[in-house]
$ cat structure12.cif   # mmCIF, N, CA, C and O atoms
data_data
#
loop_
_atom_site.label_atom_id
_atom_site.label_comp_id
_atom_site.auth_asym_id
_atom_site.auth_seq_id
_atom_site.Cartn_x
_atom_site.Cartn_y
_atom_site.Cartn_z
N MET X 1 51.92 21.85 63.68
CA MET X 1 53.32 21.95 63.32
C MET X 1 53.84 23.31 63.74
O MET X 1 53.16 24.31 63.63
N GLU X 2 55.06 23.36 64.17
CA GLU X 2 55.67 24.57 64.68
C GLU X 2 56.17 25.46 63.55
O GLU X 2 56.64 25.00 62.53
N LYS X 3 56.03 26.77 63.72
CA LYS X 3 56.54 27.74 62.75
C LYS X 3 57.52 28.66 63.45
O LYS X 3 57.30 29.04 64.59
N LYS X 4 58.59 28.99 62.77
CA LYS X 4 59.59 29.90 63.29
C LYS X 4 59.31 31.29 62.73
O LYS X 4 59.02 31.43 61.56
N LYS X 5 59.43 32.32 63.54
CA LYS X 5 59.26 33.69 63.07
C LYS X 5 60.59 34.42 63.17
O LYS X 5 61.31 34.28 64.15
N SER X 6 60.90 35.16 62.12
CA SER X 6 62.12 35.94 62.14
C SER X 6 61.85 37.28 61.47
O SER X 6 60.95 37.41 60.67
N LYS X 7 62.67 38.27 61.82
CA LYS X 7 62.54 39.59 61.20
C LYS X 7 63.57 39.70 60.10
O LYS X 7 64.70 39.27 60.24
N LYS X 8 63.17 40.33 59.01
CA LYS X 8 64.04 40.49 57.87
C LYS X 8 64.06 41.96 57.48
O LYS X 8 63.02 42.59 57.34
N ASN X 9 65.22 42.52 57.30
CA ASN X 9 65.37 43.91 56.91
C ASN X 9 65.46 43.99 55.40
O ASN X 9 66.35 43.40 54.79
N GLN X 10 64.55 44.71 54.75
CA GLN X 10 64.58 44.86 53.30
C GLN X 10 65.65 45.87 52.93
O GLN X 10 65.79 46.90 53.57
N LYS X 11 66.38 45.58 51.87
CA LYS X 11 67.43 46.50 51.40
C LYS X 11 66.80 47.76 50.84
O LYS X 11 65.78 47.72 50.19
N GLY X 12 67.44 48.86 51.08
CA GLY X 12 67.02 50.12 50.49
C GLY X 12 65.98 50.86 51.33
O GLY X 12 66.09 52.04 51.53
N GLY X 13 64.96 50.17 51.82
CA GLY X 13 63.89 50.85 52.52
C GLY X 13 64.08 50.89 54.02
O GLY X 13 63.54 51.75 54.69
N GLY X 14 64.86 49.99 54.56
CA GLY X 14 65.07 49.94 55.99
C GLY X 14 63.84 49.55 56.78
O GLY X 14 63.73 49.80 57.96
N VAL X 15 62.87 48.89 56.12
CA VAL X 15 61.62 48.50 56.76
C VAL X 15 61.72 47.06 57.25
O VAL X 15 62.12 46.18 56.52
N ASP X 16 61.37 46.84 58.52
CA ASP X 16 61.35 45.48 59.05
C ASP X 16 60.05 44.81 58.66
O ASP X 16 58.99 45.41 58.74
N GLU X 17 60.16 43.57 58.26
CA GLU X 17 59.00 42.81 57.80
C GLU X 17 58.98 41.47 58.53
O GLU X 17 60.02 40.84 58.69
N GLN X 18 57.81 41.03 58.97
CA GLN X 18 57.66 39.75 59.65
C GLN X 18 57.61 38.64 58.60
O GLN X 18 56.79 38.68 57.69
N VAL X 19 58.49 37.64 58.73
CA VAL X 19 58.55 36.52 57.79
C VAL X 19 58.39 35.23 58.57
O VAL X 19 59.06 35.03 59.58
N GLU X 20 57.48 34.38 58.12
CA GLU X 20 57.30 33.09 58.78
C GLU X 20 58.05 32.02 58.02
O GLU X 20 57.96 31.94 56.81
N LYS X 21 58.81 31.21 58.73
CA LYS X 21 59.55 30.11 58.14
C LYS X 21 58.93 28.81 58.65
O LYS X 21 58.88 28.58 59.85
N LYS X 22 58.46 27.98 57.72
CA LYS X 22 57.83 26.71 58.11
C LYS X 22 58.90 25.69 58.49
O LYS X 22 59.96 25.65 57.89
N ILE X 23 58.58 24.88 59.47
CA ILE X 23 59.44 23.78 59.88
C ILE X 23 58.80 22.49 59.37
O ILE X 23 57.71 22.12 59.80
N TYR X 24 59.47 21.85 58.43
CA TYR X 24 58.95 20.60 57.86
C TYR X 24 59.48 19.40 58.64
O TYR X 24 60.65 19.37 59.01
N PRO X 25 58.63 18.39 58.87
CA PRO X 25 59.09 17.18 59.57
C PRO X 25 60.07 16.40 58.69
O PRO X 25 60.01 16.48 57.46
N THR X 26 60.96 15.64 59.31
CA THR X 26 61.97 14.90 58.56
C THR X 26 61.66 13.42 58.42
O THR X 26 62.28 12.75 57.61
N GLY X 27 60.74 12.88 59.16
CA GLY X 27 60.44 11.44 59.10
C GLY X 27 59.59 11.06 57.91
O GLY X 27 58.65 11.78 57.54
N ALA X 28 59.90 9.93 57.30
CA ALA X 28 59.16 9.44 56.13
C ALA X 28 57.68 9.22 56.44
O ALA X 28 56.83 9.36 55.56
N GLU X 29 57.36 8.93 57.69
CA GLU X 29 55.96 8.66 58.06
C GLU X 29 55.08 9.90 57.95
O GLU X 29 53.86 9.80 57.96
N HIS X 30 55.69 11.06 57.82
CA HIS X 30 54.93 12.31 57.72
C HIS X 30 54.58 12.69 56.29
O HIS X 30 53.98 13.74 56.05
N TYR X 31 54.97 11.85 55.32
CA TYR X 31 54.76 12.16 53.91
C TYR X 31 54.08 11.01 53.19
O TYR X 31 54.32 9.85 53.50
N GLU X 32 53.25 11.37 52.21
CA GLU X 32 52.64 10.38 51.33
C GLU X 32 53.14 10.68 49.92
O GLU X 32 52.86 11.74 49.36
N LEU X 33 53.94 9.73 49.37
CA LEU X 33 54.52 9.94 48.04
C LEU X 33 53.48 9.72 46.96
O LEU X 33 52.68 8.80 47.02
N TYR X 34 53.55 10.59 45.95
CA TYR X 34 52.71 10.46 44.77
C TYR X 34 53.61 10.15 43.58
O TYR X 34 54.60 9.44 43.75
N GLU X 35 53.32 10.69 42.43
CA GLU X 35 54.06 10.33 41.23
C GLU X 35 55.46 10.95 41.19
O GLU X 35 55.72 11.96 41.82
N GLU X 36 56.34 10.29 40.40
CA GLU X 36 57.66 10.84 40.15
C GLU X 36 57.52 11.99 39.17
O GLU X 36 56.83 11.89 38.17
N VAL X 37 58.16 13.11 39.47
CA VAL X 37 58.08 14.28 38.60
C VAL X 37 59.41 14.59 37.93
O VAL X 37 59.47 15.46 37.06
N GLY X 38 60.46 13.89 38.32
CA GLY X 38 61.77 14.10 37.70
C GLY X 38 62.77 13.10 38.24
O GLY X 38 62.55 12.47 39.27
N HIS X 39 63.87 12.92 37.49
CA HIS X 39 64.93 12.04 37.96
C HIS X 39 66.25 12.44 37.32
O HIS X 39 66.28 13.10 36.29
N GLY X 40 67.31 12.05 37.96
CA GLY X 40 68.66 12.33 37.48
C GLY X 40 69.53 11.11 37.69
O GLY X 40 69.03 10.00 37.88
N VAL X 41 70.83 11.31 37.68
CA VAL X 41 71.78 10.22 37.79
C VAL X 41 71.69 9.51 39.13
O VAL X 41 71.73 8.28 39.20
N SER X 42 71.54 10.27 40.20
CA SER X 42 71.58 9.64 41.52
C SER X 42 70.38 9.96 42.40
O SER X 42 70.41 9.75 43.59
N ALA X 43 69.30 10.48 41.80
CA ALA X 43 68.13 10.83 42.60
C ALA X 43 66.88 10.91 41.73
O ALA X 43 66.96 11.05 40.52
N SER X 44 65.74 10.79 42.41
CA SER X 44 64.45 11.03 41.76
C SER X 44 63.67 12.02 42.62
O SER X 44 63.91 12.12 43.82
N VAL X 45 62.77 12.75 41.99
CA VAL X 45 61.96 13.74 42.70
C VAL X 45 60.50 13.34 42.57
O VAL X 45 60.04 13.02 41.48
N HIS X 46 59.81 13.29 43.71
CA HIS X 46 58.41 12.89 43.74
C HIS X 46 57.55 14.02 44.29
O HIS X 46 57.97 14.78 45.15
N ARG X 47 56.34 14.11 43.78
CA ARG X 47 55.32 14.97 44.38
C ARG X 47 54.84 14.22 45.61
O ARG X 47 54.69 13.00 45.59
N ALA X 48 54.62 14.93 46.71
CA ALA X 48 54.23 14.27 47.95
C ALA X 48 53.34 15.20 48.78
O ALA X 48 53.33 16.41 48.59
N LEU X 49 52.62 14.59 49.70
CA LEU X 49 51.80 15.33 50.65
C LEU X 49 52.50 15.32 51.99
O LEU X 49 52.84 14.26 52.52
N CYS X 50 52.76 16.52 52.54
CA CYS X 50 53.26 16.65 53.91
C CYS X 50 52.02 16.60 54.79
O CYS X 50 51.25 17.56 54.85
N LYS X 51 51.79 15.47 55.45
CA LYS X 51 50.55 15.25 56.20
C LYS X 51 50.33 16.26 57.34
O LYS X 51 49.22 16.79 57.46
N PRO X 52 51.32 16.56 58.17
CA PRO X 52 51.08 17.50 59.28
C PRO X 52 50.69 18.90 58.82
O PRO X 52 49.92 19.59 59.47
N LEU X 53 51.23 19.35 57.67
CA LEU X 53 50.94 20.69 57.17
C LEU X 53 49.85 20.70 56.11
O LEU X 53 49.42 21.76 55.67
N ASN X 54 49.44 19.50 55.67
CA ASN X 54 48.44 19.34 54.60
C ASN X 54 48.86 20.17 53.39
O ASN X 54 48.09 20.97 52.85
N GLU X 55 50.12 19.98 52.96
CA GLU X 55 50.70 20.78 51.89
C GLU X 55 51.43 19.88 50.88
O GLU X 55 52.11 18.94 51.27
N ILE X 56 51.26 20.17 49.59
CA ILE X 56 51.96 19.42 48.56
C ILE X 56 53.40 19.94 48.48
O ILE X 56 53.64 21.16 48.44
N VAL X 57 54.36 19.02 48.47
CA VAL X 57 55.78 19.36 48.43
C VAL X 57 56.49 18.47 47.42
O VAL X 57 55.90 17.53 46.89
N ALA X 58 57.74 18.77 47.15
CA ALA X 58 58.60 17.92 46.32
C ALA X 58 59.61 17.25 47.23
O ALA X 58 60.21 17.90 48.09
N ILE X 59 59.78 15.94 47.05
CA ILE X 59 60.72 15.15 47.85
C ILE X 59 61.79 14.58 46.92
O ILE X 59 61.46 13.92 45.94
N LYS X 60 63.07 14.85 47.23
CA LYS X 60 64.16 14.26 46.47
C LYS X 60 64.63 13.01 47.19
O LYS X 60 64.94 13.05 48.38
N ILE X 61 64.68 11.90 46.46
CA ILE X 61 65.11 10.63 47.04
C ILE X 61 66.43 10.24 46.38
O ILE X 61 66.49 10.00 45.18
N LEU X 62 67.50 10.20 47.19
CA LEU X 62 68.82 9.84 46.68
C LEU X 62 68.95 8.33 46.58
O LEU X 62 68.49 7.60 47.44
N ASP X 63 69.59 7.87 45.50
CA ASP X 63 69.81 6.44 45.29
C ASP X 63 71.29 6.23 44.96
O ASP X 63 71.71 6.36 43.82
N PHE X 64 72.07 5.90 45.99
CA PHE X 64 73.50 5.72 45.80
C PHE X 64 73.85 4.31 45.32
O PHE X 64 75.01 3.99 45.13
N GLU X 65 72.86 3.46 45.09
CA GLU X 65 73.12 2.10 44.64
C GLU X 65 72.91 1.92 43.14
O GLU X 65 73.09 0.84 42.62
N ARG X 66 72.53 2.96 42.42
CA ARG X 66 72.38 2.87 40.96
C ARG X 66 73.71 2.55 40.33
O ARG X 66 74.76 3.02 40.75
N GLU X 67 73.68 1.73 39.25
CA GLU X 67 74.90 1.32 38.57
C GLU X 67 75.67 2.52 38.00
O GLU X 67 76.88 2.54 38.00
N ASN X 68 74.95 3.51 37.48
CA ASN X 68 75.62 4.62 36.82
C ASN X 68 75.94 5.79 37.74
O ASN X 68 76.31 6.85 37.29
N CYS X 69 75.83 5.60 39.04
CA CYS X 69 76.13 6.65 39.99
C CYS X 69 77.63 6.76 40.19
O CYS X 69 78.28 5.83 40.63
N ASP X 70 78.23 7.92 39.86
CA ASP X 70 79.67 8.09 40.01
C ASP X 70 80.04 8.69 41.35
O ASP X 70 81.18 9.05 41.58
N LEU X 71 79.09 8.79 42.27
CA LEU X 71 79.36 9.36 43.59
C LEU X 71 79.94 8.33 44.56
O LEU X 71 80.42 8.68 45.62
N ILE X 72 79.85 7.06 44.20
CA ILE X 72 80.41 6.00 45.06
C ILE X 72 81.43 5.21 44.29
O ILE X 72 81.36 5.10 43.06
N SER X 73 82.41 4.65 44.98
CA SER X 73 83.40 3.82 44.30
C SER X 73 82.92 2.38 44.30
O SER X 73 82.27 1.91 45.23
N HIS X 74 83.21 1.68 43.22
CA HIS X 74 82.77 0.29 43.08
C HIS X 74 83.89 -0.67 43.41
O HIS X 74 85.01 -0.49 43.27
#

$ encode --input "structure12.cif" --output "structure tokens"
Amino acid sequence: MEKKKSKKNQKGGGVDEQVEKKIYPTGAEHYELYEEVGHGVSASVHRALCKPLNEIVAIKILDFERENCDLISH
């Protein structure tokens, strides 16, 4: 998986520091969903494995078809 590198200037010290920013894949095929860890009115959050990075992440899944969702007009 590709990583982006950028330089960040810290306030006060004027010291440049190397910071790596991970690029996460966007396709569902790159993740294995585990248990639900939270939910709200229009979304649920699941623990998941990002397969290419072999890293545990949180995935928010939006559900605009729920009856109590006020984000869509009926």

$ residues_around --input "structure12.cif" --residues "Ser42 of chain X" --least-positions-apart "6" --cutoff "6 Å" --atoms "all atoms listed in the file" --output "list in words"
Ile61, Leu62, Asp63, Phe64 and Cys69 of chain X

$ atom_distance --input "structure12.cif" --atom1 "atom CA of Ala48 of chain X" --atom2 "atom C of Ile23 of chain X"
14.8 Å

$ atom_distance --input "structure12.cif" --atom1 "atom O of Tyr31 of chain X" --atom2 "atom O of Val19 of chain X"
26.3 Å

$ select_by_dssp --input "structure12.cif" --residues "segment 21-69 of chain X" --states "strand (DSSP E or B)" --output "PyMOL selection string"
chain X and resi 21-22+31-39+43-50+55-62

$ atom_distance --input "structure12.cif" --atom1 "atom CA of Ala58 of chain X" --atom2 "atom C of His46 of chain X"
4.5 Å

$ residues_around --input "structure12.cif" --residues "Leu53 of chain X" --least-positions-apart "3" --cutoff "9 Å" --atoms "only C-alpha atoms" --output "MDAnalysis selection string"
chainID X and resid 1 24 49:50 56
